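K.L.:
Sharing a structure here in structure tokens format.
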Amino acid sequence: MIEAERQRALDAIGSEVAACTRCRLHETRTRSVPGEGSAATEVVFVGEGPGFNEDRQGRPFVGRAGGLLSKLLDTIGWTREDVFITNVVKCRPPDNRDPEADEIAACAPYLTRQIQALDPALIVTLGRFSMARFNPGARIGQVHGTLRAPNVDSGAPNALAYFMYHPAAALRDPSVEAASMRDMAGVPAALLEARKMRSASSPPVLAGDAPAADATAEAVNESVAAQSIELTSQTDLTDQLTLF
């Protein structure tokens with residue numbers, strides 16, 4: 001799919017999200033927040049859900065957490081315009097509460113279609129709700145800064161997933177902010193590893209082929225396990241890396 005086709009697909013999804021009534025969150029939203037960024041990118045950042053500022057502007061990560069995300073991207077020489085940024089739910093949960101399971105499920109097809117349109121090499125999750133889609137059952141404190149093949153049901157069979165804390169958590173805890181800086185430093189190396197996996201691998205994994213998909217995920221995870229601990233130390237890769 002060429003860039004213009006990707007953009008048309010993303011625009012169509014955005015129009016559907018703007019009119020969506022699949023869950024209760026539409027009742028209290030000001031604006032839906034489908035996501036934004038480059039249609040040519042290889043990297044998709046997936047957060048939790050819109051907050052107050054995002055609800056008002058219809059754009060993801062534009063509040064204080066968004067400012068920190070931009071700062072984190074700047075440390076590796078990237079900008080928001082170089083990546084695509086979205087969330088697991090596209091409307092703000094009231095009072096910034098956690099999104100509920102049925103709300104995440106209602107929004108899941110939109111995220112799946114965005115991933116299908118963009119076909120990214122790397123998905124960077126921000127926080128535990130995003131992480132749970134691509135690595136269910138994991139704990140963010142244990143997997144942040146690591147890279148693995150996503151769960152077969154995540155809708156991203158051709159990508160690798162890299163896990164980070166949510167920027168809002170980093171704003172509340174200096175130690176989490178420091179960890180987020182280290183984890184972001186590993187994103188360029190994670191992208192290079194994801195590119196390597198795509199070029200070396202196999203036909204796309206289909207959700208219906210569960211045994212083969214599980215075997216593929218296990219092989220990929222074994223392959224990246226040795227590198228994942230070292231990703232955050234490879235900051236010199238940034239200068240040689242372009243996203244598209």
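Identifiers for the structure tokens are assigned positionally: chains receive A, B, ... in sequence, residues are indexed from 1 per chain, and ligands are indexed from 1 in the order shown.
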Write out as a ChimeraX atom specification all residues of stretch 37-114 of chain A that backbone DSSP assigns to strand (DSSP E or B).

P.N.:
/A:37,43-47,84-87

K.L.:
For the residues selected in the previous step, produce a file with N, CA and C atoms as an mmCIF file, in the first residue's frame.

P.N.:
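For reference, out-v5.cif as written:
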data_model
loop_
_atom_site.group_PDB
_atom_site.id
_atom_site.type_symbol
_atom_site.label_atom_id
_atom_site.label_comp_id
_atom_site.auth_asym_id
_atom_site.auth_seq_id
_atom_site.Cartn_x
_atom_site.Cartn_y
_atom_site.Cartn_z
ATOM 1 N N GLY A 37 -0.138 11.504 12.519
ATOM 2 C CA GLY A 37 1.272 11.271 12.236
ATOM 3 C C GLY A 37 1.497 10.931 10.786
ATOM 4 N N VAL A 43 6.972 3.238 12.396
ATOM 5 C CA VAL A 43 6.841 3.144 13.849
ATOM 6 C C VAL A 43 5.513 3.745 14.300
ATOM 7 N N VAL A 44 4.757 2.961 15.072
ATOM 8 C CA VAL A 44 3.484 3.416 15.635
ATOM 9 C C VAL A 44 3.593 3.394 17.156
ATOM 10 N N PHE A 45 3.279 4.513 17.791
ATOM 11 C CA PHE A 45 3.199 4.611 19.242
ATOM 12 C C PHE A 45 1.734 4.470 19.655
ATOM 13 N N VAL A 46 1.468 3.584 20.611
ATOM 14 C CA VAL A 46 0.093 3.339 21.044
ATOM 15 C C VAL A 46 -0.007 3.607 22.540
ATOM 16 N N GLY A 47 -0.820 4.599 22.900
ATOM 17 C CA GLY A 47 -1.029 4.925 24.298
ATOM 18 C C GLY A 47 -2.336 4.346 24.815
ATOM 19 N N PHE A 84 3.591 7.600 13.897
ATOM 20 C CA PHE A 84 2.134 7.711 14.035
ATOM 21 C C PHE A 84 1.794 7.457 15.493
ATOM 22 N N ILE A 85 0.907 8.284 16.059
ATOM 23 C CA ILE A 85 0.559 8.206 17.477
ATOM 24 C C ILE A 85 -0.944 8.001 17.607
ATOM 25 N N THR A 86 -1.334 7.004 18.380
ATOM 26 C CA THR A 86 -2.745 6.736 18.606
ATOM 27 C C THR A 86 -2.928 6.127 19.989
ATOM 28 N N ASN A 87 -4.138 5.662 20.297
ATOM 29 C CA ASN A 87 -4.455 5.088 21.608
ATOM 30 C C ASN A 87 -5.336 3.857 21.450
#

K.L.:
Please identify every residue of stretch 72-128 of chain A that has at least one atom no farther than 8 Å from an atom of stretch 13-28 of chain A, counting only C-alpha atoms, and for each give the shortest atom pair and the distance in Å to one decimal, arranged by chain then increasing number, as a tab-separated table.

P.N.:
residue	atom	partner	partner_atom	distance
A:Lys90	CA	A:Val17	CA	7.2
A:Cys91	CA	A:Leu25	CA	5.9
A:Arg92	CA	A:Leu25	CA	6.7
A:Pro93	CA	A:Leu25	CA	6.1
A:Pro94	CA	A:Thr28	CA	7.0
A:Asp102	CA	A:Cys23	CA	7.6
A:Glu103	CA	A:Cys23	CA	5.8
A:Ala106	CA	A:Arg22	CA	5.9
A:Cys107	CA	A:Arg22	CA	7.8
A:Tyr110	CA	A:Ile13	CA	6.7
A:Arg113	CA	A:Ile13	CA	7.7
A:Gln114	CA	A:Ile13	CA	7.4

K.L.:
Put those residues in a file: N, CA and C atoms, as a CSV table (one decimal), in the first residue's frame.

P.N.:
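Generated output (result-v2.csv):
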chain,number,residue,atom,x,y,z
A,90,LYS,N,-10.3,5.7,21.7
A,90,LYS,CA,-10.3,6.9,20.9
A,90,LYS,C,-11.1,8.1,21.5
A,91,CYS,N,-11.8,7.8,22.6
A,91,CYS,CA,-12.5,8.9,23.3
A,91,CYS,C,-12.1,8.9,24.8
A,92,ARG,N,-12.2,10.1,25.4
A,92,ARG,CA,-11.7,10.2,26.7
A,92,ARG,C,-12.6,9.5,27.8
A,93,PRO,N,-12.0,8.7,28.6
A,93,PRO,CA,-12.8,8.1,29.7
A,93,PRO,C,-13.1,9.3,30.7
A,94,PRO,N,-14.3,9.4,31.3
A,94,PRO,CA,-14.6,10.5,32.2
A,94,PRO,C,-13.6,10.5,33.4
A,102,ASP,N,-14.8,-3.4,28.1
A,102,ASP,CA,-15.7,-3.4,27.0
A,102,ASP,C,-15.4,-2.2,26.1
A,103,GLU,N,-14.9,-1.1,26.7
A,103,GLU,CA,-14.6,0.1,25.9
A,103,GLU,C,-13.4,-0.2,25.0
A,106,ALA,N,-14.5,-2.4,22.2
A,106,ALA,CA,-15.3,-1.7,21.2
A,106,ALA,C,-14.4,-0.9,20.2
A,107,CYS,N,-13.3,-0.4,20.7
A,107,CYS,CA,-12.4,0.4,19.9
A,107,CYS,C,-11.3,-0.5,19.2
A,110,TYR,N,-10.7,-0.5,15.3
A,110,TYR,CA,-10.1,0.7,14.7
A,110,TYR,C,-8.6,0.7,14.8
A,113,ARG,N,-7.3,-1.9,12.3
A,113,ARG,CA,-7.3,-1.3,10.9
A,113,ARG,C,-6.2,-0.3,10.7
A,114,GLN,N,-5.9,0.5,11.7
A,114,GLN,CA,-4.8,1.5,11.6
A,114,GLN,C,-3.5,0.7,11.4

K.L.:
Rank nothing, just name the residue among A:Ala65, A:Val152, A:Ala9, A:Ala4 nearest to A:Leu171, using only C-alpha atoms.

P.N.:
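Counting only C-alpha atoms, the residue closest to A:Leu171 is A:Ala65.
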
K.L.:
Can you work out which one of A:Asn158, A:Ile140, A:Arg8, A:Asp95 has the shortest atom-to-atom distance to A:Gln116, counting only C-alpha atoms?

P.N.:
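Selected residue with least distance to A:Gln116: A:Asn158.
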
K.L.:
Can you pull out every residue within 12 Å of A:Thr41, counting only C-alpha atoms, but drop anything in the same chain fewer than 5 positions away, and send it as a compact mmCIF listing (two decimals) with C-alpha atoms, in the first residue's frame?

P.N.:
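What ended up in out.txt:
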# COMPACT_ATOMS: atom_id res chain seq x y z
CA ILE A 2 1.50 3.34 -1.05
CA GLU A 3 1.57 6.38 1.21
CA ARG A 6 -2.43 4.56 3.62
CA GLN A 7 -3.52 8.14 4.25
CA GLU A 36 -2.13 11.43 13.85
CA TRP A 78 12.79 12.16 15.95
CA THR A 79 9.64 14.29 16.01
CA ARG A 80 5.94 13.51 16.29
CA GLU A 81 5.68 13.97 12.54
CA ASP A 82 8.09 11.06 11.98
CA VAL A 83 5.83 8.48 13.65
CA PHE A 84 2.13 7.71 14.04
CA ILE A 85 0.56 8.21 17.48
CA ILE A 115 -2.10 -1.10 12.04
CA ALA A 117 -3.09 0.36 6.91
CA LEU A 118 0.33 1.43 8.18
CA ASP A 119 1.92 -2.05 8.34
CA PRO A 120 4.60 -0.80 10.79
CA ALA A 121 7.80 -2.65 11.52
CA LEU A 122 7.71 -1.53 15.16
CA ILE A 123 4.92 -0.78 17.62
CA LEU A 191 13.47 -0.61 14.80
CA THR A 242 15.85 7.08 8.97
CA LEU A 243 12.22 6.11 9.39
CA PHE A 244 11.11 6.02 5.75

K.L.:
Extract, using only C-alpha atoms, all DNA, RNA and protein residues at most 10 Å from A:Leu126, discarding same-chain residues fewer than 5 positions from it, and format them as a list in words.

P.N.:
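Once the nearby chain positions are removed, what remains is Phe45, Val46, Gly47, Glu48, Leu69, Asn87, Met131, Ile140, His144, Tyr162, Phe163, Met164, Tyr165, His166, Pro167, Ala168, Ala169 and Ser180 of chain A.
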
K.L.:
Take the residues from that selection and put them in a file with C-alpha atoms, as an mmCIF file, in the first residue's frame.

P.N.:
data_model
loop_
_atom_site.group_PDB
_atom_site.id
_atom_site.type_symbol
_atom_site.label_atom_id
_atom_site.label_comp_id
_atom_site.auth_asym_id
_atom_site.auth_seq_id
_atom_site.Cartn_x
_atom_site.Cartn_y
_atom_site.Cartn_z
ATOM 1 C CA PHE A 45 3.199 4.611 19.242
ATOM 2 C CA VAL A 46 0.093 3.339 21.044
ATOM 3 C CA GLY A 47 -1.029 4.925 24.298
ATOM 4 C CA GLU A 48 -4.023 4.433 26.575
ATOM 5 C CA LEU A 69 6.641 12.297 24.702
ATOM 6 C CA ASN A 87 -4.455 5.088 21.608
ATOM 7 C CA MET A 131 1.091 -3.276 26.510
ATOM 8 C CA ILE A 140 5.037 -3.149 32.697
ATOM 9 C CA HIS A 144 9.599 -2.045 29.767
ATOM 10 C CA TYR A 162 8.651 -2.547 22.247
ATOM 11 C CA PHE A 163 7.276 -1.643 25.671
ATOM 12 C CA MET A 164 7.538 1.656 27.551
ATOM 13 C CA TYR A 165 5.923 3.350 30.524
ATOM 14 C CA HIS A 166 3.190 5.870 29.818
ATOM 15 C CA PRO A 167 4.553 9.439 29.845
ATOM 16 C CA ALA A 168 1.941 10.403 32.451
ATOM 17 C CA ALA A 169 3.498 7.894 34.853
ATOM 18 C CA SER A 180 11.645 6.172 30.038
#

K.L.:
Could you please determine the separation between atom CA of A:Asp153 and atom CA of A:Gly186 in Å, to one decimal place?

P.N.:
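Those two atoms sit 25.3 Å apart.
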
K.L.:
Mind checking which residues fall within 9 Å of A:Ala190, counting only C-alpha atoms, ignoring those fewer than 2 positions away in the same chain, and posting them as a PyMOL selection string?

P.N.:
chain A and resi 122+146-147+160-162+186-188+192-195+227-228+231

K.L.:
What parts of stretch 125-160 of chain A does DSSP call alpha helix (DSSP H)? I'd like the answer as a PyMOL selection string.

P.N.:
chain A and resi 128-134+140-143

K.L.:
Rounded to one decimal in Å, what is the spacing between atom CA of A:Ala159 and atom CA of A:Arg198?

P.N.:
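Interatomic distance, atom CA of A:Ala159 to atom CA of A:Arg198: 7.6 Å.
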
K.L.:
Using only C-alpha atoms for the distances, tell me which of A:Asp55, A:Thr75, A:Leu10, A:Gly141 is nearest to A:Ser175.

P.N.:
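Under the stated criterion, the closest residue is A:Gly141.
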
K.L.:
Between atom CA of A:Gly51 and atom CA of A:Leu111, what is the distance in Å, rounded to a tenth?

P.N.:
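Straight-line distance from atom CA of A:Gly51 to atom CA of A:Leu111 works out to 17.9 Å.
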
K.L.:
Hey, which of A:Leu68, A:Met197, A:Val124, A:Ala101 ends up closest to A:Arg172? Count only C-alpha atoms.

P.N.:
A:Leu68
